[in-house]
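structure-v2.cif, holding mmCIF, C-alpha atoms and all ligand atoms:
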```cif
data_final
#
loop_
_atom_site.label_atom_id
_atom_site.label_comp_id
_atom_site.auth_asym_id
_atom_site.auth_seq_id
_atom_site.Cartn_x
_atom_site.Cartn_y
_atom_site.Cartn_z
CA MET A 1 56.71 152.69 194.76
CA SER A 2 56.06 154.18 191.35
CA LYS A 3 58.27 157.13 192.34
CA THR A 4 61.18 154.78 192.98
CA PHE A 5 60.50 153.10 189.66
CA ASP A 6 60.46 156.47 187.90
CA TYR A 7 63.71 157.41 189.57
CA PHE A 8 65.43 154.24 188.33
CA ARG A 9 63.98 154.68 184.86
CA LYS A 10 65.60 158.07 184.58
CA ILE A 11 69.10 156.64 185.08
CA PRO A 12 70.75 156.49 181.63
CA LEU A 13 71.64 153.15 180.08
CA THR A 14 75.36 153.96 180.15
CA VAL A 15 75.24 154.28 183.92
CA TRP A 16 73.49 150.92 184.20
CA ILE A 17 76.09 149.31 181.96
CA PHE A 18 78.84 150.86 184.04
CA ILE A 19 77.23 149.47 187.19
CA GLY A 20 77.12 146.08 185.42
CA ILE A 21 80.86 146.28 184.73
CA ILE A 22 81.72 147.22 188.32
CA PHE A 23 79.58 144.46 189.79
CA GLY A 24 81.03 142.05 187.22
CA VAL A 25 84.60 142.84 188.28
CA LEU A 26 83.68 142.54 191.95
CA ALA A 27 81.83 139.25 191.47
CA GLY A 28 84.71 137.84 189.41
CA LEU A 29 87.28 138.84 192.04
CA ILE A 30 85.31 137.76 195.08
CA PHE A 31 83.67 134.54 193.91
CA GLY A 32 86.14 133.54 191.17
CA GLN A 33 85.81 130.26 189.30
CA PRO A 34 82.74 128.81 191.12
CA LEU A 35 80.63 131.63 189.74
CA VAL A 36 81.80 131.17 186.14
CA PRO A 37 79.06 128.75 184.99
CA VAL A 38 76.35 131.18 186.10
CA THR A 39 77.97 134.38 184.88
CA SER A 40 79.04 132.93 181.56
CA ALA A 41 75.48 131.69 181.00
CA ILE A 42 74.15 135.21 181.64
CA GLY A 43 76.76 136.71 179.29
CA ASP A 44 76.15 134.10 176.60
CA LEU A 45 72.39 134.58 176.68
CA PHE A 46 72.87 138.30 176.12
CA LEU A 47 75.32 137.68 173.27
CA ARG A 48 72.86 135.27 171.66
CA LEU A 49 70.13 137.91 171.80
CA LEU A 50 72.43 140.44 170.12
CA LYS A 51 73.54 137.95 167.48
CA MET A 52 69.91 137.09 166.79
CA VAL A 53 69.41 140.67 165.63
CA ILE A 54 72.57 141.15 163.53
CA VAL A 55 71.77 139.46 160.19
CA PRO A 56 68.18 140.71 159.79
CA LEU A 57 69.28 144.15 161.01
CA ILE A 58 72.07 144.40 158.45
CA PHE A 59 69.88 142.99 155.69
CA THR A 60 67.12 145.52 156.24
CA SER A 61 69.26 148.50 157.23
CA ILE A 62 71.73 148.40 154.35
CA THR A 63 69.05 147.74 151.74
CA SER A 64 66.74 150.46 153.06
CA GLY A 65 69.80 152.68 153.59
CA VAL A 66 70.84 152.38 149.94
CA LEU A 67 67.24 152.97 148.88
CA GLY A 68 67.07 156.04 151.11
CA ILE A 69 70.20 157.51 149.57
CA GLY A 70 68.32 157.77 146.31
CA THR A 71 70.25 158.35 143.14
CA SER A 72 73.35 156.40 142.28
CA ARG A 73 75.24 159.69 142.23
CA ASN A 74 74.41 160.24 145.90
CA LEU A 75 75.34 156.67 146.66
CA GLY A 76 78.65 157.05 144.87
CA ARG A 77 79.46 160.24 146.79
CA LEU A 78 78.54 158.71 150.13
CA GLY A 79 80.44 155.53 149.30
CA LEU A 80 83.56 157.47 148.39
CA LYS A 81 83.42 159.58 151.56
CA THR A 82 82.91 156.45 153.65
CA ILE A 83 85.84 154.59 152.10
CA ALA A 84 88.05 157.68 152.31
CA TYR A 85 87.34 157.97 156.03
CA TYR A 86 87.90 154.26 156.69
CA VAL A 87 91.25 154.19 154.93
CA THR A 88 92.48 157.48 156.41
CA SER A 89 91.59 156.65 160.00
CA SER A 90 92.96 153.10 159.76
CA LEU A 91 96.24 154.32 158.27
CA ILE A 92 96.62 156.90 161.03
CA ALA A 93 96.08 154.11 163.56
CA ILE A 94 98.63 151.82 161.90
CA LEU A 95 101.25 154.57 161.70
CA THR A 96 100.70 155.39 165.37
CA GLY A 97 101.36 151.72 166.19
CA LEU A 98 104.39 151.57 163.90
CA ILE A 99 106.00 154.62 165.48
CA LEU A 100 105.37 153.34 169.02
CA VAL A 101 106.64 149.82 168.35
CA ASN A 102 109.82 151.22 166.80
CA LEU A 103 110.35 153.61 169.70
CA ILE A 104 109.56 151.22 172.57
CA GLN A 105 110.86 148.05 170.88
CA PRO A 106 108.99 145.73 173.26
CA GLY A 107 110.38 142.53 171.70
CA ILE A 108 114.06 143.40 171.81
CA GLY A 109 115.98 142.00 174.74
CA SER A 110 112.89 140.39 176.20
CA ASN A 111 113.71 136.84 177.21
CA ILE A 112 110.33 135.54 176.22
CA VAL A 113 109.92 131.82 176.04
CA LEU A 114 107.17 130.32 173.96
CA GLU A 115 104.60 129.67 176.66
CA SER A 116 101.91 128.41 174.44
CA THR A 117 102.52 127.08 171.01
CA VAL A 118 100.11 127.32 168.18
CA ASP A 119 99.78 124.62 165.62
CA ALA A 120 100.13 126.83 162.60
CA SER A 121 98.47 124.30 160.35
CA ASN A 122 95.23 124.76 162.27
CA LEU A 123 95.01 128.45 161.64
CA SER A 124 92.77 129.31 158.77
CA SER A 125 95.35 131.28 156.87
CA GLY A 126 93.56 133.85 154.81
CA SER A 127 95.31 135.19 151.78
CA LEU A 128 94.63 138.50 150.10
CA SER A 129 92.88 136.96 147.12
CA ASP A 130 90.67 135.01 149.54
CA LEU A 131 89.60 138.33 150.95
CA LEU A 132 88.36 139.57 147.59
CA TYR A 133 86.65 136.29 146.80
CA ARG A 134 84.85 136.30 150.11
CA ILE A 135 83.09 139.56 149.33
CA ILE A 136 80.95 138.15 146.52
CA PRO A 137 78.47 135.59 147.81
CA VAL A 138 77.96 132.49 145.69
CA ASN A 139 74.70 132.07 147.53
CA PRO A 140 73.40 135.06 149.52
CA LEU A 141 71.13 132.86 151.59
CA SER A 142 73.96 130.65 152.75
CA SER A 143 75.96 133.78 153.68
CA MET A 144 73.03 134.83 155.82
CA VAL A 145 72.72 131.42 157.40
CA ASN A 146 76.44 131.40 158.20
CA GLY A 147 76.45 135.00 159.35
CA ASP A 148 79.11 136.05 156.78
CA ILE A 149 78.64 139.77 157.00
CA LEU A 150 80.83 141.03 154.14
CA PRO A 151 79.00 139.12 151.36
CA ILE A 152 75.65 140.05 152.92
CA ILE A 153 76.57 143.71 152.72
CA PHE A 154 77.68 143.34 149.11
CA PHE A 155 74.41 141.67 148.18
CA CYS A 156 72.32 144.28 150.00
CA ILE A 157 74.06 147.17 148.26
CA ILE A 158 73.36 145.55 144.87
CA LEU A 159 69.78 144.77 145.91
CA GLY A 160 69.18 148.36 147.07
CA ILE A 161 70.62 149.81 143.85
CA PHE A 162 68.46 147.65 141.62
CA ILE A 163 65.26 148.02 143.65
CA SER A 164 65.56 151.73 143.02
CA ARG A 165 65.64 151.01 139.27
CA ILE A 166 62.48 148.95 138.90
CA GLN A 167 58.92 150.08 138.08
CA GLU A 168 57.46 152.59 140.53
CA HIS A 169 54.71 150.22 141.71
CA TYR A 170 57.12 147.37 142.61
CA ARG A 171 59.74 149.74 143.93
CA GLN A 172 57.24 151.13 146.41
CA ILE A 173 56.26 147.68 147.65
CA LEU A 174 59.84 146.56 148.22
CA SER A 175 60.94 149.86 149.66
CA ASP A 176 58.04 149.78 152.16
CA PHE A 177 58.94 146.19 152.96
CA PHE A 178 62.57 146.97 153.78
CA HIS A 179 61.78 150.16 155.69
CA ALA A 180 59.16 148.31 157.73
CA GLY A 181 61.58 145.43 158.31
CA PHE A 182 64.21 147.87 159.52
CA GLU A 183 61.75 149.57 161.88
CA VAL A 184 60.80 146.29 163.52
CA MET A 185 64.45 145.22 163.86
CA MET A 186 65.25 148.49 165.62
CA LYS A 187 62.30 147.92 167.96
CA ILE A 188 63.61 144.44 168.79
CA THR A 189 67.07 145.97 169.27
CA ARG A 190 65.71 148.45 171.81
CA PHE A 191 64.17 145.56 173.68
CA VAL A 192 67.39 143.51 173.66
CA ILE A 193 69.39 146.50 174.85
CA LEU A 194 67.38 146.54 178.06
CA PHE A 195 69.35 143.44 179.07
CA ALA A 196 72.74 144.99 178.33
CA PRO A 197 73.69 145.81 181.95
CA LEU A 198 72.97 142.24 183.02
CA GLY A 199 74.76 140.73 180.03
CA VAL A 200 77.76 142.97 180.58
CA PHE A 201 77.85 141.93 184.22
CA GLY A 202 78.01 138.24 183.18
CA LEU A 203 80.71 138.78 180.58
CA VAL A 204 82.94 140.88 182.82
CA ALA A 205 82.59 138.54 185.82
CA LYS A 206 83.70 135.64 183.64
CA ILE A 207 86.71 137.48 182.22
CA THR A 208 87.81 138.69 185.67
CA ALA A 209 87.52 135.21 187.15
CA THR A 210 89.41 133.48 184.37
CA THR A 211 92.22 135.94 183.55
CA GLY A 212 95.20 135.86 185.87
CA ILE A 213 97.69 138.65 186.49
CA GLU A 214 100.75 136.46 185.71
CA ILE A 215 100.33 136.62 181.96
CA PHE A 216 101.16 140.30 181.96
CA LYS A 217 104.65 139.73 183.34
CA SER A 218 106.44 138.49 180.24
CA LEU A 219 104.33 140.38 177.77
CA GLY A 220 104.03 143.59 179.78
CA LEU A 221 105.90 145.88 177.42
CA TYR A 222 104.12 144.54 174.33
CA PHE A 223 100.79 144.94 176.13
CA ILE A 224 101.64 148.51 177.10
CA THR A 225 102.73 149.38 173.55
CA VAL A 226 99.45 148.21 171.99
CA LEU A 227 97.44 149.82 174.78
CA ALA A 228 99.27 153.15 174.49
CA GLY A 229 98.71 153.16 170.73
CA LEU A 230 95.03 152.38 171.08
CA LEU A 231 94.52 155.01 173.78
CA PHE A 232 96.34 157.64 171.71
CA HIS A 233 94.18 156.88 168.70
CA TYR A 234 91.05 156.86 170.87
CA SER A 235 91.66 160.04 172.74
CA VAL A 236 93.83 162.16 170.43
CA SER A 237 93.73 161.17 166.73
CA LEU A 238 90.02 160.43 166.35
CA PRO A 239 88.83 163.42 168.44
CA LEU A 240 91.15 165.64 166.36
CA LEU A 241 89.63 164.25 163.17
CA VAL A 242 86.15 165.07 164.51
CA ILE A 243 87.16 168.61 165.44
CA LEU A 244 89.06 169.36 162.25
CA THR A 245 86.69 167.83 159.71
CA ALA A 246 83.28 168.25 161.36
CA GLY A 247 83.85 171.04 163.88
CA GLU A 248 81.86 169.03 166.43
CA SER A 249 82.66 168.30 170.07
CA PRO A 250 84.22 164.82 170.37
CA TRP A 251 83.45 164.83 174.08
CA ARG A 252 79.74 165.18 173.51
CA HIS A 253 79.90 162.51 170.85
CA LEU A 254 81.73 160.20 173.23
CA LYS A 255 79.00 160.74 175.78
CA ASN A 256 76.30 160.07 173.21
CA MET A 257 77.96 156.86 172.07
CA SER A 258 79.12 155.65 175.49
CA ALA A 259 76.60 152.80 175.89
CA ALA A 260 77.78 151.28 172.60
CA LEU A 261 81.46 151.83 173.42
CA LEU A 262 81.15 150.09 176.79
CA THR A 263 79.24 147.22 175.21
CA ALA A 264 81.95 146.86 172.54
CA PHE A 265 84.53 146.75 175.32
CA THR A 266 82.78 143.96 177.15
CA THR A 267 81.55 141.86 174.20
CA SER A 268 84.74 142.20 172.08
CA SER A 269 82.54 142.16 169.03
CA SER A 270 81.79 145.11 166.74
CA SER A 271 79.06 143.11 165.01
CA ALA A 272 77.30 142.18 168.23
CA THR A 273 77.50 145.84 169.28
CA LEU A 274 76.07 147.11 165.99
CA PRO A 275 72.44 147.27 167.17
CA LEU A 276 73.50 149.50 170.08
CA THR A 277 75.82 151.58 167.91
CA MET A 278 72.95 152.36 165.54
CA GLU A 279 70.57 153.12 168.37
CA CYS A 280 73.02 155.54 170.04
CA ALA A 281 73.97 157.18 166.73
CA GLU A 282 70.37 157.91 165.79
CA ASN A 283 68.73 158.61 169.12
CA ASN A 284 71.59 160.25 171.06
CA ALA A 285 73.98 161.64 168.47
CA GLY A 286 71.23 162.87 166.12
CA ILE A 287 72.69 161.19 163.04
CA SER A 288 70.07 160.59 160.38
CA ASN A 289 68.93 157.08 159.65
CA LYS A 290 69.93 157.60 156.02
CA ILE A 291 73.61 157.92 156.98
CA SER A 292 73.81 155.62 159.97
CA SER A 293 72.03 152.71 158.31
CA PHE A 294 74.60 152.72 155.53
CA VAL A 295 77.85 153.74 157.22
CA LEU A 296 77.60 151.85 160.52
CA PRO A 297 76.90 148.27 159.35
CA LEU A 298 79.64 148.69 156.77
CA GLY A 299 82.00 150.14 159.37
CA ALA A 300 81.33 147.37 161.90
CA THR A 301 82.67 144.90 159.36
CA VAL A 302 85.24 146.83 157.38
CA ASN A 303 86.55 149.73 159.46
CA MET A 304 88.67 148.46 162.33
CA ASP A 305 91.28 151.00 163.42
CA GLY A 306 92.03 149.22 166.67
CA THR A 307 92.56 145.91 164.93
CA ALA A 308 94.75 147.51 162.25
CA LEU A 309 96.99 149.14 164.88
CA TYR A 310 97.23 145.89 166.79
CA GLU A 311 98.11 143.84 163.67
CA CYS A 312 101.00 146.16 162.96
CA VAL A 313 102.39 146.26 166.52
CA ALA A 314 102.00 142.50 166.99
CA ALA A 315 103.78 141.65 163.73
CA MET A 316 106.64 144.00 164.53
CA PHE A 317 106.85 142.62 168.06
CA ILE A 318 107.06 139.04 166.79
CA ALA A 319 109.82 140.06 164.36
CA GLN A 320 111.72 141.69 167.23
CA VAL A 321 111.41 138.62 169.45
CA TYR A 322 112.66 136.33 166.68
CA GLY A 323 115.51 138.75 166.07
CA ILE A 324 114.41 139.51 162.53
CA ASP A 325 115.20 143.03 161.44
CA LEU A 326 112.44 144.22 159.14
CA SER A 327 113.63 146.56 156.40
CA PHE A 328 111.74 149.70 155.42
CA GLY A 329 110.15 147.78 152.54
CA ALA A 330 109.04 144.98 154.86
CA GLN A 331 107.59 147.51 157.30
CA PHE A 332 105.67 149.05 154.42
CA THR A 333 104.28 145.60 153.63
CA VAL A 334 103.26 145.27 157.28
CA VAL A 335 101.36 148.57 157.04
CA ILE A 336 99.47 147.57 153.89
CA THR A 337 98.67 144.04 155.02
CA ALA A 338 97.63 145.26 158.48
CA LEU A 339 95.14 147.53 156.72
CA LEU A 340 93.82 144.68 154.57
CA ALA A 341 93.73 142.27 157.49
CA SER A 342 91.66 144.74 159.50
CA ILE A 343 89.25 145.11 156.58
CA GLY A 344 88.93 141.37 156.27
CA ALA A 345 88.60 140.65 160.00
CA ALA A 346 85.09 139.79 161.06
CA GLY A 347 83.58 141.82 163.89
CA ILE A 348 83.79 138.94 166.32
CA PRO A 349 86.06 138.20 169.31
CA MET A 350 89.67 137.39 168.44
CA ALA A 351 89.15 137.77 164.69
CA GLY A 352 92.20 140.02 164.63
CA LEU A 353 94.36 137.24 166.03
CA VAL A 354 93.33 134.91 163.22
CA MET A 355 94.00 137.59 160.62
CA MET A 356 97.56 137.93 161.94
CA THR A 357 98.40 135.04 159.64
CA ILE A 358 98.01 137.34 156.62
CA VAL A 359 100.47 139.88 157.97
CA LEU A 360 103.00 137.32 159.19
CA LYS A 361 102.90 135.42 155.92
CA ALA A 362 103.32 138.58 153.85
CA VAL A 363 106.64 139.41 155.50
CA GLY A 364 107.79 135.82 155.99
CA LEU A 365 107.52 135.69 159.79
CA PRO A 366 106.85 132.36 161.52
CA LEU A 367 103.13 131.76 162.10
CA GLU A 368 104.01 130.18 165.46
CA GLY A 369 104.73 133.75 166.59
CA ILE A 370 101.01 134.05 167.23
CA GLY A 371 101.54 131.78 170.22
CA LEU A 372 103.60 134.56 171.81
CA ILE A 373 100.83 137.09 171.91
CA LEU A 374 97.95 134.73 172.62
CA ALA A 375 97.99 135.18 176.38
CA VAL A 376 97.11 138.86 176.48
CA ASP A 377 94.87 138.90 173.45
CA ARG A 378 91.60 138.70 175.37
CA ILE A 379 92.14 142.02 177.12
CA LEU A 380 93.60 143.77 174.09
CA ASP A 381 90.63 142.56 172.05
CA MET A 382 88.31 144.44 174.40
CA VAL A 383 90.16 147.71 173.95
CA ARG A 384 90.64 147.37 170.20
CA THR A 385 86.96 146.52 169.66
CA SER A 386 85.90 149.63 171.55
CA THR A 387 88.38 151.61 169.42
CA ASN A 388 86.86 150.05 166.28
CA VAL A 389 83.36 151.11 167.27
CA TRP A 390 84.54 154.59 168.32
CA SER A 391 86.12 155.07 164.91
CA ASP A 392 82.89 153.96 163.17
CA SER A 393 80.96 156.43 165.31
CA CYS A 394 83.32 159.32 164.56
CA GLY A 395 83.21 158.51 160.84
CA THR A 396 79.43 158.49 160.84
CA LEU A 397 79.35 161.85 162.59
CA ILE A 398 81.85 163.39 160.16
CA ILE A 399 80.01 162.07 157.10
CA ALA A 400 76.58 163.04 158.47
CA LYS A 401 77.83 166.56 159.14
CA SER A 402 79.24 166.91 155.64
CA GLU A 403 75.93 165.74 154.17
CA GLY A 404 73.81 168.04 156.38
CA GLU A 405 72.27 164.99 158.05
CA LEU A 406 72.85 165.88 161.70
CA ASN A 407 69.88 166.67 163.91
CA ASN A 408 71.07 169.20 166.45
CA VAL A 409 67.88 169.08 168.49
CA ILE A 410 68.38 165.39 169.32
CA ARG A 411 72.12 165.87 169.64
CA ASN A 412 71.95 168.61 172.20
CA SER A 413 69.06 167.23 174.18
CA SER A 414 70.52 163.81 174.91
N1 LIG A 501 87.04 141.74 168.11
C1 LIG A 501 87.27 142.75 167.13
C2 LIG A 501 85.95 143.35 166.69
O1 LIG A 501 84.93 142.75 166.74
C3 LIG A 501 88.03 142.25 165.95
C4 LIG A 501 89.40 141.84 166.41
O2 LIG A 501 89.57 140.72 166.89
O3 LIG A 501 90.32 142.66 166.31
O4 LIG A 501 85.90 144.47 166.31
#
```

Represent the supplied structure as structure tokens.
Ligand code: ASP
Amino acid sequence: MSKTFDYFRKIPLTVWIFIGIIFGVLAGLIFGQPLVPVTSAIGDLFLRLLKMVIVPLIFTSITSGVLGIGTSRNLGRLGLKTIAYYVTSSLIAILTGLILVNLIQPGIGSNIVLESTVDASNLSSGSLSDLLYRIIPVNPLSSMVNGDILPIIFFCIILGIFISRIQEHYRQILSDFFHAGFEVMMKITRFVILFAPLGVFGLVAKITATTGIEIFKSLGLYFITVLAGLLFHYSVSLPLLVILTAGESPWRHLKNMSAALLTAFTTSSSSATLPLTMECAENNAGISNKISSFVLPLGATVNMDGTALYECVAAMFIAQVYGIDLSFGAQFTVVITALLASIGAAGIPMAGLVMMTIVLKAVGLPLEGIGLILAVDRILDMVRTSTNVWSDSCGTLIIAKSEGELNNVIRNSS
């Protein structure tokens, strides 16, 4: 009996999650709608557990991360490297999308009829200045209560910087407090992760049962364009960045991060996946806590390559369908706003769709265009979220390597 138990315990989490996905697809196909109440309850319970961890995890990890970085010079260097990576990788993703959408031209000649219309007045249309305003919390506690990640991160960075500047005695107390808080949140995370295969099963069964094949007919080419762009970025651009800038094997890194990547795929939420991303980065990929606790929470909110690529392709597609020829200048605006929209998008399902308003408004495209792409968004969201998390993981590896913060013993033993 205990031998069987030992045998099952040795199976890696990724394999369990994979089994969860396969059983989820099968259950969704075989039992369909009648099973939805049960499977969606299982999936929702798992998501609630993950969400329970997010705010306290970010609060403790960023603050202790900034404290761990030490001097403000170190923080400045790390911050600059992090931002440089985020912007570079997102721009590469957007340009990949722009090239593909111009080559394939999925919206030209397609006789798409508006299947679902969106009441544009209901969309919370973010503007660029809103984005900047949202970063500074008027009340940090209310940001925490509402789960507004960007202002929480801002507050934690400031908190970490100023804790390191107070009297030694007080600094020690607070630093111990945040490190201890982070330790306990990671312990809770490890516990929650045990339920991942089951949660993933529930989420996938629900999606399979509720998504029909028909929707792909009219939007097929658009779907393929976004998918091709995402897959190219996933399997060519990001691995090349890892090889060229860190000299590390992207394949091994992919294996180390696979549990987080599969969870991102099924939950469609970078934020909900964050606990797993941090766990895999530290315990499988050998990235030091100092780097991962700063770069990953920030990346889960700010660095979204998949979303950026999607924003660009979707905006161009909508322009093509409406027969609007976007000039070079307008395409440049699409690139810049797609980047900003991806930075501003929250790490939650379909956030990218909402942020489309920024891009469409910037180039004067009708907001109703969002109705065109609505139908296939669920599936694309899964792939772009996994791409987002993969990019965060690659960035963390590259930065850790450049800072000498990679533990090869852990890395090679996992
Ligand atoms: N769901 C994505 C994420 O959490 C954001 C998006 O909708 O593009 O990363």

Write out as AutoDock Vina command-line options an axis-aligned box for stretch 244-260 of chain A: all of its atoms listed in the file, 4 Å added on each side, centre and edge lengths in Å with one decimal.
```
--center_x 82.7 --center_y 161.2 --center_z 167.8 --size_x 20.8 --size_y 27.8 --size_z 24.2
```

| field | Nearby residues (only C-alpha atoms) at most 12 Å from A:Lys187, same-chain spacing under 6 positions excluded, as JSON, numbers by chain | value | {"A": [53, 57, 180, 181, 193, 194, 275, 276, 278, 279]}

**Asked** Excluding same-chain residues fewer than 5 positions from A:Ala93, what lies within 7 Å of it counting all atoms listed in the file, as an MDAnalysis selection string?
**Response** chainID A and resid 233 305 308:309

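For the choices A:Met52, A:Leu296, A:Leu231, A:Met350, the atom-to-atom distance to A:Ile399 is smallest for A:Leu296 when using only C-alpha atoms.
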
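Here the question is which of A:Ile94, A:Val101, A:Met304, A:Leu174 gets nearest to ligand LIG 501 (chain A) using all atoms listed in the file, and that residue is A:Met304.
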
Please report as CSV every residue of chain A lying within 10 Å of ligand LIG 501 (chain A), along with the nearest atom pair and their distance in Å (one decimal), using all atoms listed in the file.
```
residue,atom,partner,partner_atom,distance
A:Ala264,CA,A:LIG501,O1,7.7
A:Phe265,CA,A:LIG501,N1,9.1
A:Thr267,CA,A:LIG501,N1,8.2
A:Ser268,CA,A:LIG501,N1,4.6
A:Ser269,CA,A:LIG501,O1,3.4
A:Ser270,CA,A:LIG501,O1,3.9
A:Ser271,CA,A:LIG501,O1,6.1
A:Ala272,CA,A:LIG501,O1,7.8
A:Thr273,CA,A:LIG501,O1,8.4
A:Leu274,CA,A:LIG501,O1,9.9
A:Gly299,CA,A:LIG501,O4,9.8
A:Ala300,CA,A:LIG501,O4,7.0
A:Thr301,CA,A:LIG501,O4,7.7
A:Val302,CA,A:LIG501,O4,9.3
A:Asn303,CA,A:LIG501,O4,8.7
A:Met304,CA,A:LIG501,O4,6.3
A:Asp305,CA,A:LIG501,O3,8.9
A:Gly306,CA,A:LIG501,O3,6.8
A:Thr307,CA,A:LIG501,O3,4.2
A:Ala308,CA,A:LIG501,O3,7.7
A:Leu309,CA,A:LIG501,O3,9.4
A:Tyr310,CA,A:LIG501,O3,7.6
A:Glu311,CA,A:LIG501,O3,8.3
A:Ala341,CA,A:LIG501,O3,9.5
A:Ser342,CA,A:LIG501,O3,7.2
A:Ile343,CA,A:LIG501,C3,9.9
A:Gly344,CA,A:LIG501,C3,9.8
A:Ala345,CA,A:LIG501,C3,6.2
A:Ala346,CA,A:LIG501,C3,6.2
A:Gly347,CA,A:LIG501,O1,3.3
A:Ile348,CA,A:LIG501,O1,4.0
A:Pro349,CA,A:LIG501,N1,3.9
A:Met350,CA,A:LIG501,O2,3.7
A:Ala351,CA,A:LIG501,O2,3.7
A:Gly352,CA,A:LIG501,O2,3.5
A:Leu353,CA,A:LIG501,O2,6.0
A:Val354,CA,A:LIG501,O2,7.8
A:Met355,CA,A:LIG501,O2,8.3
A:Met356,CA,A:LIG501,O3,9.7
A:Asp377,CA,A:LIG501,O2,8.6
A:Arg378,CA,A:LIG501,O2,9.0
A:Leu380,CA,A:LIG501,O3,8.5
A:Asp381,CA,A:LIG501,N1,5.4
A:Met382,CA,A:LIG501,N1,7.0
A:Val383,CA,A:LIG501,C1,8.9
A:Arg384,CA,A:LIG501,O3,6.1
A:Thr385,CA,A:LIG501,O4,4.1
A:Ser386,CA,A:LIG501,O4,7.4
A:Thr387,CA,A:LIG501,O4,8.2
A:Asn388,CA,A:LIG501,O4,5.7
A:Val389,CA,A:LIG501,O4,7.2
```

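Residue nearest A:Leu49, chosen from A:Arg190, A:His179, A:Lys401, A:Lys290 and counting all atoms listed in the file: A:Arg190.
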
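Applying the 9 Å criterion to (96.4, 140.7, 154.6) in file coordinates and using all atoms listed in the file, one obtains the residues Gly126, Ser127, Leu128, Leu131, Val334, Ile336, Thr337, Ala338, Leu339, Leu340, Ala341, Ser342, Ile343, Gly344, Met355, Met356, Thr357, Ile358, Val359, Leu360, Lys361 and Ala362 of chain A.
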
Could I get the residues of stretch 18-129 of chain A with an atom no further than 12 Å from an atom of stretch 140-151 of chain A, each paired with its nearest atom pair and that distance in Å to one decimal, using only C-alpha atoms, sorted by chain and residue number, as a tab-separated table?
```
residue	atom	partner	partner_atom	distance
A:Lys51	CA	A:Gly147	CA	9.1
A:Met52	CA	A:Gly147	CA	10.1
A:Val53	CA	A:Gly147	CA	11.0
A:Ile54	CA	A:Gly147	CA	8.4
A:Val55	CA	A:Met144	CA	6.5
A:Pro56	CA	A:Met144	CA	8.6
A:Leu57	CA	A:Ile149	CA	11.1
A:Ile58	CA	A:Ile149	CA	8.2
A:Phe59	CA	A:Met144	CA	8.7
A:Ile62	CA	A:Ile149	CA	11.4
```

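You will find atom CA of A:Gln172 at 28.4 Å from atom CA of A:Thr277.
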
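For the set A:Phe31, A:Trp16, A:Trp390, A:Phe317, the residue with the smallest atom-to-atom gap to A:Phe223 is A:Phe317, counting all atoms listed in the file.
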
message = Need to verify the contact set: A:Leu159, 12 Å, only C-alpha atoms, exclusion of same-chain residues closer than 3 positions in sequence. Can you return it as a PyMOL selection string?
response = chain A and resi 59-67+140+152-156+162-166+171+174-175+178

Could I get stretch 43-53 of chain A rebuilt with N, CA and C atoms, written as a PDB file, in the frame of the given file?
```pdb
ATOM      1  N   GLY A  43      76.083 136.002 180.385  1.00  0.00           N
ATOM      2  CA  GLY A  43      76.760 136.710 179.290  1.00  0.00           C
ATOM      3  C   GLY A  43      76.419 136.096 177.943  1.00  0.00           C
ATOM      4  N   ASP A  44      76.423 134.765 177.881  1.00  0.00           N
ATOM      5  CA  ASP A  44      76.150 134.100 176.600  1.00  0.00           C
ATOM      6  C   ASP A  44      74.725 134.333 176.121  1.00  0.00           C
ATOM      7  N   LEU A  45      73.784 134.346 177.074  1.00  0.00           N
ATOM      8  CA  LEU A  45      72.390 134.580 176.680  1.00  0.00           C
ATOM      9  C   LEU A  45      72.250 135.967 176.046  1.00  0.00           C
ATOM     10  N   PHE A  46      72.925 136.936 176.654  1.00  0.00           N
ATOM     11  CA  PHE A  46      72.870 138.300 176.120  1.00  0.00           C
ATOM     12  C   PHE A  46      73.500 138.348 174.721  1.00  0.00           C
ATOM     13  N   LEU A  47      74.659 137.690 174.575  1.00  0.00           N
ATOM     14  CA  LEU A  47      75.320 137.680 173.270  1.00  0.00           C
ATOM     15  C   LEU A  47      74.432 137.012 172.216  1.00  0.00           C
ATOM     16  N   ARG A  48      73.746 135.954 172.610  1.00  0.00           N
ATOM     17  CA  ARG A  48      72.860 135.270 171.660  1.00  0.00           C
ATOM     18  C   ARG A  48      71.736 136.193 171.207  1.00  0.00           C
ATOM     19  N   LEU A  49      71.205 136.972 172.161  1.00  0.00           N
ATOM     20  CA  LEU A  49      70.130 137.910 171.800  1.00  0.00           C
ATOM     21  C   LEU A  49      70.638 138.940 170.785  1.00  0.00           C
ATOM     22  N   LEU A  50      71.867 139.445 171.047  1.00  0.00           N
ATOM     23  CA  LEU A  50      72.430 140.440 170.120  1.00  0.00           C
ATOM     24  C   LEU A  50      72.666 139.811 168.751  1.00  0.00           C
ATOM     25  N   LYS A  51      73.234 138.611 168.765  1.00  0.00           N
ATOM     26  CA  LYS A  51      73.540 137.950 167.480  1.00  0.00           C
ATOM     27  C   LYS A  51      72.267 137.650 166.700  1.00  0.00           C
ATOM     28  N   MET A  52      71.185 137.371 167.435  1.00  0.00           N
ATOM     29  CA  MET A  52      69.910 137.090 166.790  1.00  0.00           C
ATOM     30  C   MET A  52      69.491 138.268 165.897  1.00  0.00           C
ATOM     31  N   VAL A  53      69.862 139.475 166.344  1.00  0.00           N
ATOM     32  CA  VAL A  53      69.410 140.670 165.630  1.00  0.00           C
ATOM     33  C   VAL A  53      70.300 141.005 164.423  1.00  0.00           C
TER      34      VAL A  53
END
```
